[in-house]
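With PDB, C-alpha atoms inside, this is work.pdb:
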```
ATOM      1  CA  MET A  11     -10.023   3.162   6.472  1.00  0.00           C
ATOM      2  CA  TYR A  12      -7.982   2.590   9.596  1.00  0.00           C
ATOM      3  CA  PHE A  13      -4.361   1.541   9.776  1.00  0.00           C
ATOM      4  CA  SER A  14      -2.667   0.048  12.800  1.00  0.00           C
ATOM      5  CA  ILE A  15       0.997  -0.616  13.532  1.00  0.00           C
ATOM      6  CA  MET A  16       1.768  -4.347  13.525  1.00  0.00           C
ATOM      7  CA  LYS A  17       2.250  -5.856  16.966  1.00  0.00           C
ATOM      8  CA  SER A  18       4.622  -8.585  15.838  1.00  0.00           C
ATOM      9  CA  LYS A  19       7.922  -8.278  14.036  1.00  0.00           C
ATOM     10  CA  PRO A  20       7.645  -8.686  10.264  1.00  0.00           C
ATOM     11  CA  LYS A  21       8.813 -11.944   8.748  1.00  0.00           C
ATOM     12  CA  LEU A  22      12.434 -11.914   7.560  1.00  0.00           C
ATOM     13  CA  VAL A  23      11.283 -12.359   3.961  1.00  0.00           C
ATOM     14  CA  ASP A  24       9.419  -9.016   4.310  1.00  0.00           C
ATOM     15  CA  SER A  25      11.968  -7.012   6.322  1.00  0.00           C
ATOM     16  CA  ALA A  26      14.994  -8.216   4.319  1.00  0.00           C
ATOM     17  CA  PRO A  27      13.653  -9.408   0.951  1.00  0.00           C
ATOM     18  CA  SER A  28      16.028 -10.969  -1.555  1.00  0.00           C
ATOM     19  CA  SER A  29      14.697  -8.546  -4.181  1.00  0.00           C
ATOM     20  CA  VAL A  30      12.527  -5.429  -4.291  1.00  0.00           C
ATOM     21  CA  VAL A  31      10.385  -4.213  -7.178  1.00  0.00           C
ATOM     22  CA  VAL A  32       8.758  -0.888  -7.956  1.00  0.00           C
ATOM     23  CA  TRP A  33       5.306  -1.143  -9.512  1.00  0.00           C
ATOM     24  CA  ARG A  34       4.631   1.024 -12.559  1.00  0.00           C
ATOM     25  CA  ARG A  35       1.117   0.262 -13.782  1.00  0.00           C
ATOM     26  CA  TYR A  36      -2.282  -0.855 -12.492  1.00  0.00           C
ATOM     27  CA  VAL A  37      -5.475  -2.404 -13.839  1.00  0.00           C
ATOM     28  CA  ASP A  38      -8.537  -0.249 -13.146  1.00  0.00           C
ATOM     29  CA  LEU A  39     -12.017  -1.531 -12.327  1.00  0.00           C
ATOM     30  CA  HIS A  40     -12.894  -1.601 -16.056  1.00  0.00           C
ATOM     31  CA  GLY A  41      -9.915  -3.853 -16.847  1.00  0.00           C
ATOM     32  CA  ALA A  42      -7.797  -1.153 -18.510  1.00  0.00           C
ATOM     33  CA  GLU A  43      -4.081  -1.090 -17.685  1.00  0.00           C
ATOM     34  CA  LYS A  44      -2.819   2.406 -16.879  1.00  0.00           C
ATOM     35  CA  PRO A  45       0.380   3.983 -15.560  1.00  0.00           C
ATOM     36  CA  LEU A  46       0.407   4.788 -11.851  1.00  0.00           C
ATOM     37  CA  PRO A  47       0.148   8.488 -11.034  1.00  0.00           C
ATOM     38  CA  PRO A  48       3.579  10.171 -11.002  1.00  0.00           C
ATOM     39  CA  PHE A  49       3.480  10.746  -7.224  1.00  0.00           C
ATOM     40  CA  ALA A  50       2.578   7.144  -6.309  1.00  0.00           C
ATOM     41  CA  LEU A  51       5.529   5.021  -5.243  1.00  0.00           C
ATOM     42  CA  ILE A  52       4.595   1.419  -4.531  1.00  0.00           C
ATOM     43  CA  THR A  53       7.251  -1.167  -3.773  1.00  0.00           C
ATOM     44  CA  SER A  54       7.130  -4.747  -2.561  1.00  0.00           C
ATOM     45  CA  ARG A  55       9.373  -7.732  -2.245  1.00  0.00           C
ATOM     46  CA  GLY A  56      10.124  -9.117  -5.685  1.00  0.00           C
ATOM     47  CA  ASN A  57       9.457 -12.781  -4.948  1.00  0.00           C
ATOM     48  CA  SER A  58       6.229 -14.511  -4.013  1.00  0.00           C
ATOM     49  CA  GLY A  59       6.003 -16.952  -1.121  1.00  0.00           C
ATOM     50  CA  SER A  60       6.969 -19.808  -3.454  1.00  0.00           C
ATOM     51  CA  GLY A  61      10.110 -17.964  -4.561  1.00  0.00           C
ATOM     52  CA  SER A  62       8.961 -17.109  -8.089  1.00  0.00           C
ATOM     53  CA  GLN A  63       9.143 -13.544  -9.399  1.00  0.00           C
ATOM     54  CA  LYS A  64       6.059 -11.466  -8.567  1.00  0.00           C
ATOM     55  CA  THR A  65       4.065 -10.394 -11.601  1.00  0.00           C
ATOM     56  CA  LYS A  66       1.116  -8.833  -9.786  1.00  0.00           C
ATOM     57  CA  HIS A  67       0.352  -7.208  -6.469  1.00  0.00           C
ATOM     58  CA  PHE A  68      -2.622  -5.346  -5.010  1.00  0.00           C
ATOM     59  CA  ALA A  69      -2.931  -1.888  -3.469  1.00  0.00           C
ATOM     60  CA  LEU A  70      -5.643  -0.046  -1.573  1.00  0.00           C
ATOM     61  CA  VAL A  71      -6.657   3.278  -3.116  1.00  0.00           C
ATOM     62  CA  CYS A  72      -6.982   5.843  -0.337  1.00  0.00           C
ATOM     63  CA  ARG A  73      -6.882   9.593   0.076  1.00  0.00           C
ATOM     64  CA  SER A  74      -6.628  12.074   2.886  1.00  0.00           C
ATOM     65  CA  ASP A  75      -7.125  15.823   2.984  1.00  0.00           C
ATOM     66  CA  GLN A  76      -4.596  15.952   5.812  1.00  0.00           C
ATOM     67  CA  GLU A  77      -0.930  15.020   5.890  1.00  0.00           C
ATOM     68  CA  LEU A  78      -0.521  11.355   6.768  1.00  0.00           C
ATOM     69  CA  LYS A  79       1.218  10.953  10.133  1.00  0.00           C
ATOM     70  CA  LEU A  80       1.579   7.958  12.397  1.00  0.00           C
ATOM     71  CA  GLU A  81       0.221   8.883  15.796  1.00  0.00           C
ATOM     72  CA  ASN A  82      -1.157   7.361  18.964  1.00  0.00           C
ATOM     73  CA  GLY A  83      -4.803   6.832  18.276  1.00  0.00           C
ATOM     74  CA  HIS A  84      -8.044   5.402  19.501  1.00  0.00           C
ATOM     75  CA  ALA A  85      -8.214   1.888  20.879  1.00  0.00           C
ATOM     76  CA  PHE A  86      -9.222  -0.810  18.389  1.00  0.00           C
ATOM     77  CA  ASP A  87     -10.547  -4.168  19.566  1.00  0.00           C
ATOM     78  CA  HIS A  88      -9.973  -6.523  16.640  1.00  0.00           C
ATOM     79  CA  HIS A  89     -12.023  -9.258  18.347  1.00  0.00           C
ATOM     80  CA  MET A  90     -15.173  -7.253  17.543  1.00  0.00           C
ATOM     81  CA  TYR A  91     -14.557  -7.651  13.797  1.00  0.00           C
ATOM     82  CA  ARG A  92     -14.454 -10.477  11.257  1.00  0.00           C
ATOM     83  CA  ASN A  93     -12.892 -10.728   7.836  1.00  0.00           C
ATOM     84  CA  ALA A  94     -15.387  -9.680   5.174  1.00  0.00           C
ATOM     85  CA  GLY A  95     -16.408 -12.493   2.899  1.00  0.00           C
ATOM     86  CA  ALA A  96     -18.286 -15.759   2.972  1.00  0.00           C
ATOM     87  CA  LYS A  97     -16.246 -17.423   5.745  1.00  0.00           C
ATOM     88  CA  GLY A  98     -16.079 -14.379   8.039  1.00  0.00           C
ATOM     89  CA  GLY A  99     -13.040 -15.712   9.886  1.00  0.00           C
ATOM     90  CA  GLN A 100     -11.408 -14.050  12.850  1.00  0.00           C
ATOM     91  CA  VAL A 101      -8.689 -11.498  12.222  1.00  0.00           C
ATOM     92  CA  GLY A 102      -5.405 -13.421  12.217  1.00  0.00           C
ATOM     93  CA  ALA A 103      -2.387 -12.407  14.273  1.00  0.00           C
ATOM     94  CA  SER A 104      -0.163 -12.186  11.179  1.00  0.00           C
ATOM     95  CA  GLN A 105      -2.672 -10.577   8.819  1.00  0.00           C
ATOM     96  CA  VAL A 106      -1.162  -7.555   7.134  1.00  0.00           C
ATOM     97  CA  THR A 107      -4.207  -6.216   5.299  1.00  0.00           C
ATOM     98  CA  ALA A 108      -7.844  -6.997   5.965  1.00  0.00           C
ATOM     99  CA  LEU A 109     -11.277  -5.779   4.997  1.00  0.00           C
ATOM    100  CA  LEU A 110     -13.356  -6.192   8.133  1.00  0.00           C
ATOM    101  CA  THR A 111     -16.995  -6.096   9.126  1.00  0.00           C
ATOM    102  CA  ARG A 112     -18.317  -5.454  12.637  1.00  0.00           C
ATOM    103  CA  ASP A 113     -19.594  -8.550  14.439  1.00  0.00           C
ATOM    104  CA  PRO A 114     -22.567  -7.372  16.543  1.00  0.00           C
ATOM    105  CA  SER A 115     -22.564 -10.599  18.575  1.00  0.00           C
ATOM    106  CA  VAL A 116     -19.177  -9.796  20.146  1.00  0.00           C
ATOM    107  CA  ALA A 117     -19.079  -7.435  23.125  1.00  0.00           C
ATOM    108  CA  ALA A 118     -16.281  -4.929  23.517  1.00  0.00           C
ATOM    109  CA  GLY A 119     -13.256  -6.265  25.318  1.00  0.00           C
ATOM    110  CA  ILE A 120      -9.742  -5.078  25.990  1.00  0.00           C
ATOM    111  CA  ALA A 121      -8.353  -3.450  22.861  1.00  0.00           C
ATOM    112  CA  GLN A 122      -4.947  -4.767  21.854  1.00  0.00           C
ATOM    113  CA  TYR A 123      -4.462  -2.405  18.914  1.00  0.00           C
ATOM    114  CA  GLU A 124      -4.905   1.256  18.208  1.00  0.00           C
ATOM    115  CA  ILE A 125      -5.737   3.239  15.103  1.00  0.00           C
ATOM    116  CA  ASN A 126      -2.496   4.973  14.100  1.00  0.00           C
ATOM    117  CA  LEU A 127      -3.479   6.434  10.727  1.00  0.00           C
ATOM    118  CA  ARG A 128      -6.742   7.214   8.929  1.00  0.00           C
ATOM    119  CA  ALA A 129      -7.563   7.679   5.266  1.00  0.00           C
ATOM    120  CA  LYS A 130     -10.650   7.333   3.082  1.00  0.00           C
ATOM    121  CA  LEU A 131     -11.061   4.603   0.499  1.00  0.00           C
ATOM    122  CA  THR A 132     -11.629   6.135  -2.911  1.00  0.00           C
ATOM    123  CA  GLY A 133     -12.089   5.120  -6.523  1.00  0.00           C
ATOM    124  CA  SER A 134     -12.490   1.368  -6.885  1.00  0.00           C
ATOM    125  CA  TYR A 135     -10.994   0.892  -3.358  1.00  0.00           C
ATOM    126  CA  TRP A 136      -8.244  -1.398  -4.621  1.00  0.00           C
ATOM    127  CA  VAL A 137      -6.322  -2.054  -7.808  1.00  0.00           C
ATOM    128  CA  ARG A 138      -4.219  -4.880  -9.199  1.00  0.00           C
ATOM    129  CA  LEU A 139      -0.689  -3.663  -9.822  1.00  0.00           C
ATOM    130  CA  THR A 140       1.305  -4.782 -12.871  1.00  0.00           C
ATOM    131  CA  ASP A 141       4.605  -4.074 -14.619  1.00  0.00           C
ATOM    132  CA  PRO A 142       7.071  -4.590 -11.751  1.00  0.00           C
ATOM    133  CA  LEU A 143      10.641  -3.410 -12.220  1.00  0.00           C
ATOM    134  CA  PRO A 144      13.384  -4.899 -10.010  1.00  0.00           C
ATOM    135  CA  LEU A 145      15.359  -2.249  -8.122  1.00  0.00           C
ATOM    136  CA  SER A 146      19.136  -2.367  -7.964  1.00  0.00           C
ATOM    137  CA  GLU A 147      20.963  -2.316  -4.616  1.00  0.00           C
ATOM    138  CA  SER A 148      21.846   1.362  -5.151  1.00  0.00           C
ATOM    139  CA  GLN A 149      18.202   2.232  -5.912  1.00  0.00           C
ATOM    140  CA  ILE A 150      17.073   0.396  -2.770  1.00  0.00           C
ATOM    141  CA  SER A 151      19.645   2.329  -0.707  1.00  0.00           C
ATOM    142  CA  LEU A 152      18.425   5.605  -2.223  1.00  0.00           C
ATOM    143  CA  TYR A 153      14.822   4.627  -1.470  1.00  0.00           C
ATOM    144  CA  ASN A 154      15.649   3.700   2.144  1.00  0.00           C
ATOM    145  CA  CYS A 155      17.414   7.027   2.752  1.00  0.00           C
ATOM    146  CA  ALA A 156      14.946   9.320   0.967  1.00  0.00           C
ATOM    147  CA  ALA A 157      14.106  12.415   3.003  1.00  0.00           C
ATOM    148  CA  ALA A 158      10.861  14.377   2.708  1.00  0.00           C
ATOM    149  CA  PRO A 159      11.466  16.268  -0.547  1.00  0.00           C
ATOM    150  CA  SER A 160       9.322  18.912  -2.212  1.00  0.00           C
ATOM    151  CA  ALA A 161       6.471  17.678  -4.426  1.00  0.00           C
ATOM    152  CA  VAL A 162       8.501  18.354  -7.582  1.00  0.00           C
ATOM    153  CA  ASP A 163      11.552  16.525  -6.201  1.00  0.00           C
ATOM    154  CA  TRP A 164       9.352  13.608  -5.107  1.00  0.00           C
ATOM    155  CA  ILE A 165       7.885  13.173  -8.596  1.00  0.00           C
ATOM    156  CA  GLU A 166      11.400  13.263 -10.071  1.00  0.00           C
ATOM    157  CA  PHE A 167      12.576  10.691  -7.494  1.00  0.00           C
ATOM    158  CA  VAL A 168       9.665   8.366  -8.338  1.00  0.00           C
ATOM    159  CA  SER A 169      10.312   8.817 -12.046  1.00  0.00           C
ATOM    160  CA  ASP A 170      13.978   7.924 -11.572  1.00  0.00           C
ATOM    161  CA  LEU A 171      13.067   4.749  -9.693  1.00  0.00           C
ATOM    162  CA  ARG A 172      10.698   3.804 -12.497  1.00  0.00           C
ATOM    163  CA  GLN A 173      13.526   4.479 -14.975  1.00  0.00           C
ATOM    164  CA  ARG A 174      11.603   7.252 -16.713  1.00  0.00           C
ATOM    165  CA  THR A 175       9.196   4.952 -18.536  1.00  0.00           C
ATOM    166  CA  SER A 176       6.347   7.481 -18.628  1.00  0.00           C
ATOM    167  CA  THR A 177       6.184  10.396 -21.020  1.00  0.00           C
ATOM    168  CA  ARG A 178       5.495  13.922 -19.749  1.00  0.00           C
ATOM    169  CA  ALA A 179       2.031  13.747 -21.388  1.00  0.00           C
ATOM    170  CA  GLU A 180       1.186  10.618 -19.346  1.00  0.00           C
ATOM    171  CA  VAL A 181       2.457  12.284 -16.171  1.00  0.00           C
ATOM    172  CA  GLY A 182       0.244  15.337 -16.760  1.00  0.00           C
ATOM    173  CA  ALA A 183      -2.786  13.188 -17.549  1.00  0.00           C
ATOM    174  CA  GLN A 184      -2.368  11.174 -14.339  1.00  0.00           C
ATOM    175  CA  LEU A 185      -2.187  14.093 -11.895  1.00  0.00           C
ATOM    176  CA  GLY A 186      -5.947  14.104 -11.371  1.00  0.00           C
ATOM    177  CA  LEU A 187      -6.322  10.328 -11.133  1.00  0.00           C
ATOM    178  CA  PHE A 188      -6.691   9.962  -7.377  1.00  0.00           C
TER     179      PHE A 188
END
```
Translate this file's structure into structure tokens.
Amino acid sequence: MYFSIMKSKPKLVDSAPSSVVVWRRYVDLHGAEKPLPPFALITSRGNSGSGSQKTKHFALVCRSDQELKLENGHAFDHHMYRNAGAKGGQVGASQVTALLTRDPSVAAGIAQYEINLRAKLTGSYWVRLTDPLPLSESQISLYNCAAAPSAVDWIEFVSDLRQRTSTRAEVGAQLGLF
């Protein structure tokens, strides 16, 4: 799985959302709803495009044996790829997430993007998130200013943002999830 820094500025609704939620649970590939692992912090804007409160969201499930760092990477020519699926449309300029397939009929051109981060898809590759909790202004400020804490401090920070809804038994059971 390759990640690339967006070329365009994010939309105002994404960079300054009117509300932010933290996601607490997910639905696995068998349809069972489970708590997110204690180390996983997933946030999003709290409103959908139509302005209604978000009740679901999706996340890619990835892993890396190395520390994740944004770096200058290899060139990536997005014209050589198409969106996976029946229509196979071109990669859009404002697409945030895409599952792509290589189009062998397109010759390499001038790459406009680069691969800035790599991870491996794992598990079911993606999950549907559920159980959003709106964050207060003070929680959002804390989240925006969070430094790189120790693993124990990180899990406590995530737990605080989720308002300690998981029991210690659930936390222990989830450590091996991903």
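When the PyMOL selection byres ((chain A and resi 103-117) around 9) is run on the displayed coordinates, the residues it returns are Phe13, Met16, Lys17, Ser18, Pro20, His89, Met90, Tyr91, Arg92, Asn93, Ala94, Gly95, Gly98, Val101, Gly102, Ala118 and Gly119 of chain A.
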(message) Residues near Arg138 of chain A, anyone? I mean within 8 Å using all atoms listed in the file, not counting same-chain ones fewer than 5 positions away, as a ChimeraX atom specification.
(response) /A:36-38,66-69
(request) Please write as a list of chain:residue names the full residue list that the PyMOL selection byres ((chain A and resi 148-151) around 12) yields on this file. (result)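 Residues picked by the PyMOL selection byres ((chain A and resi 148-151) around 12): A:Ala26, A:Pro27, A:Ser28, A:Ser29, A:Val30, A:Val31, A:Val32, A:Thr53, A:Ser54, A:Arg55, A:Leu143, A:Pro144, A:Leu145, A:Ser146, A:Glu147, A:Leu152, A:Tyr153, A:Asn154, A:Cys155, A:Ala156, A:Phe167, A:Val168, A:Ser169, A:Asp170, A:Leu171, A:Arg172, A:Gln173.
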(message) So, with only C-alpha atoms as the atoms that count, which of A:Ile15, A:Val23, A:Leu39, A:Ile52 lies closest to Glu81 of chain A?
(response)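 When distances to Glu81 of chain A are compared using only C-alpha atoms, the smallest one comes from A:Ile15.
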(request) Go through A:Asp163, A:Asp87, A:Asp24, A:Asp141 and flag the residue nearest Ile125 of chain A, using all atoms listed in the file for the distances. (result) A:Asp87
Given the point (-11.1, 1.7, -1.5) in the coordinates of this file, which residues lie within 7 Å, counting all atoms listed in the file, and how would they look as a compact mmCIF listing (two decimals) with C-alpha atoms, in the coordinates of the input?
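Generated output (out35.txt):
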```
# COMPACT_ATOMS: atom_id res chain seq x y z
CA LEU A 70 -5.64 -0.05 -1.57
CA VAL A 71 -6.66 3.28 -3.12
CA CYS A 72 -6.98 5.84 -0.34
CA LEU A 131 -11.06 4.60 0.50
CA THR A 132 -11.63 6.14 -2.91
CA GLY A 133 -12.09 5.12 -6.52
CA SER A 134 -12.49 1.37 -6.88
CA TYR A 135 -10.99 0.89 -3.36
CA TRP A 136 -8.24 -1.40 -4.62
```
(message) As an exercise, work out the distance from atom CA of Ala96 of chain A to atom CA of Leu139 of chain A in Å and give it to one decimal place.
(response) 24.9 Å
(request) Rank nothing, just name the residue among A:Trp33, A:Trp164, A:Tyr12, A:Phe49 nearest to Phe86 of chain A, using only C-alpha atoms. (result) A:Tyr12
Since I can't run it myself right now, could you work out what the PyMOL selection byres ((chain A and resi 76) around 12) selects here and report it as a PDB file with C-alpha atoms, in the coordinates of the input?
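Below is the file that was written, out02.pdb:
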```
ATOM      1  CA  ARG A  73      -6.882   9.593   0.076  1.00  0.00           C
ATOM      2  CA  SER A  74      -6.628  12.074   2.886  1.00  0.00           C
ATOM      3  CA  ASP A  75      -7.125  15.823   2.984  1.00  0.00           C
ATOM      4  CA  GLU A  77      -0.930  15.020   5.890  1.00  0.00           C
ATOM      5  CA  LEU A  78      -0.521  11.355   6.768  1.00  0.00           C
ATOM      6  CA  LYS A  79       1.218  10.953  10.133  1.00  0.00           C
ATOM      7  CA  LEU A 127      -3.479   6.434  10.727  1.00  0.00           C
ATOM      8  CA  ARG A 128      -6.742   7.214   8.929  1.00  0.00           C
ATOM      9  CA  ALA A 129      -7.563   7.679   5.266  1.00  0.00           C
ATOM     10  CA  LYS A 130     -10.650   7.333   3.082  1.00  0.00           C
TER      11      LYS A 130
END
```
(request) Between atom CA of Thr140 of chain A and atom CA of Leu22 of chain A, measure the distance and give it in Å to one decimal. (result)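 Taking atom CA of Thr140 of chain A as the start and atom CA of Leu22 of chain A as the end point, the length is 24.3 Å.
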(request) Could you check how far atom CA of Lys44 of chain A sits from atom CA of Thr65 of chain A, in Å to one decimal? (result)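 Pair atom CA of Lys44 of chain A / atom CA of Thr65 of chain A returns 15.5 Å.
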(request) Considering only C-alpha atoms, state which residue in the set A:Val162, A:Ser25, A:Lys97, A:Val137 is at the smallest distance from Glu43 of chain A. (result)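 Closest to Glu43 of chain A of all the choices is A:Val137.
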(request) Counting only C-alpha atoms, figure out which residue out of A:His88, A:Pro47, A:Lys21, A:Tyr123 gets nearest to Gly59 of chain A. (result)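 With only C-alpha atoms as the atom set, the closest residue is A:Lys21.
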(request) For each of A:Arg34, A:Ser14, A:Lys19, A:Ala50, take the minimum atom-to-atom distance to Ile165 of chain A, counting all atoms listed in the file, then give the residue where this is smallest. (result) A:Ala50
Edge lengths and centre in Å, axis-aligned, segment 84-87 of chain A plus 3 Å each side, as AutoDock Vina command-line options:
```
--center_x -9.3 --center_y 0.6 --center_z 19.6 --size_x 8.5 --size_y 15.6 --size_z 8.5
```
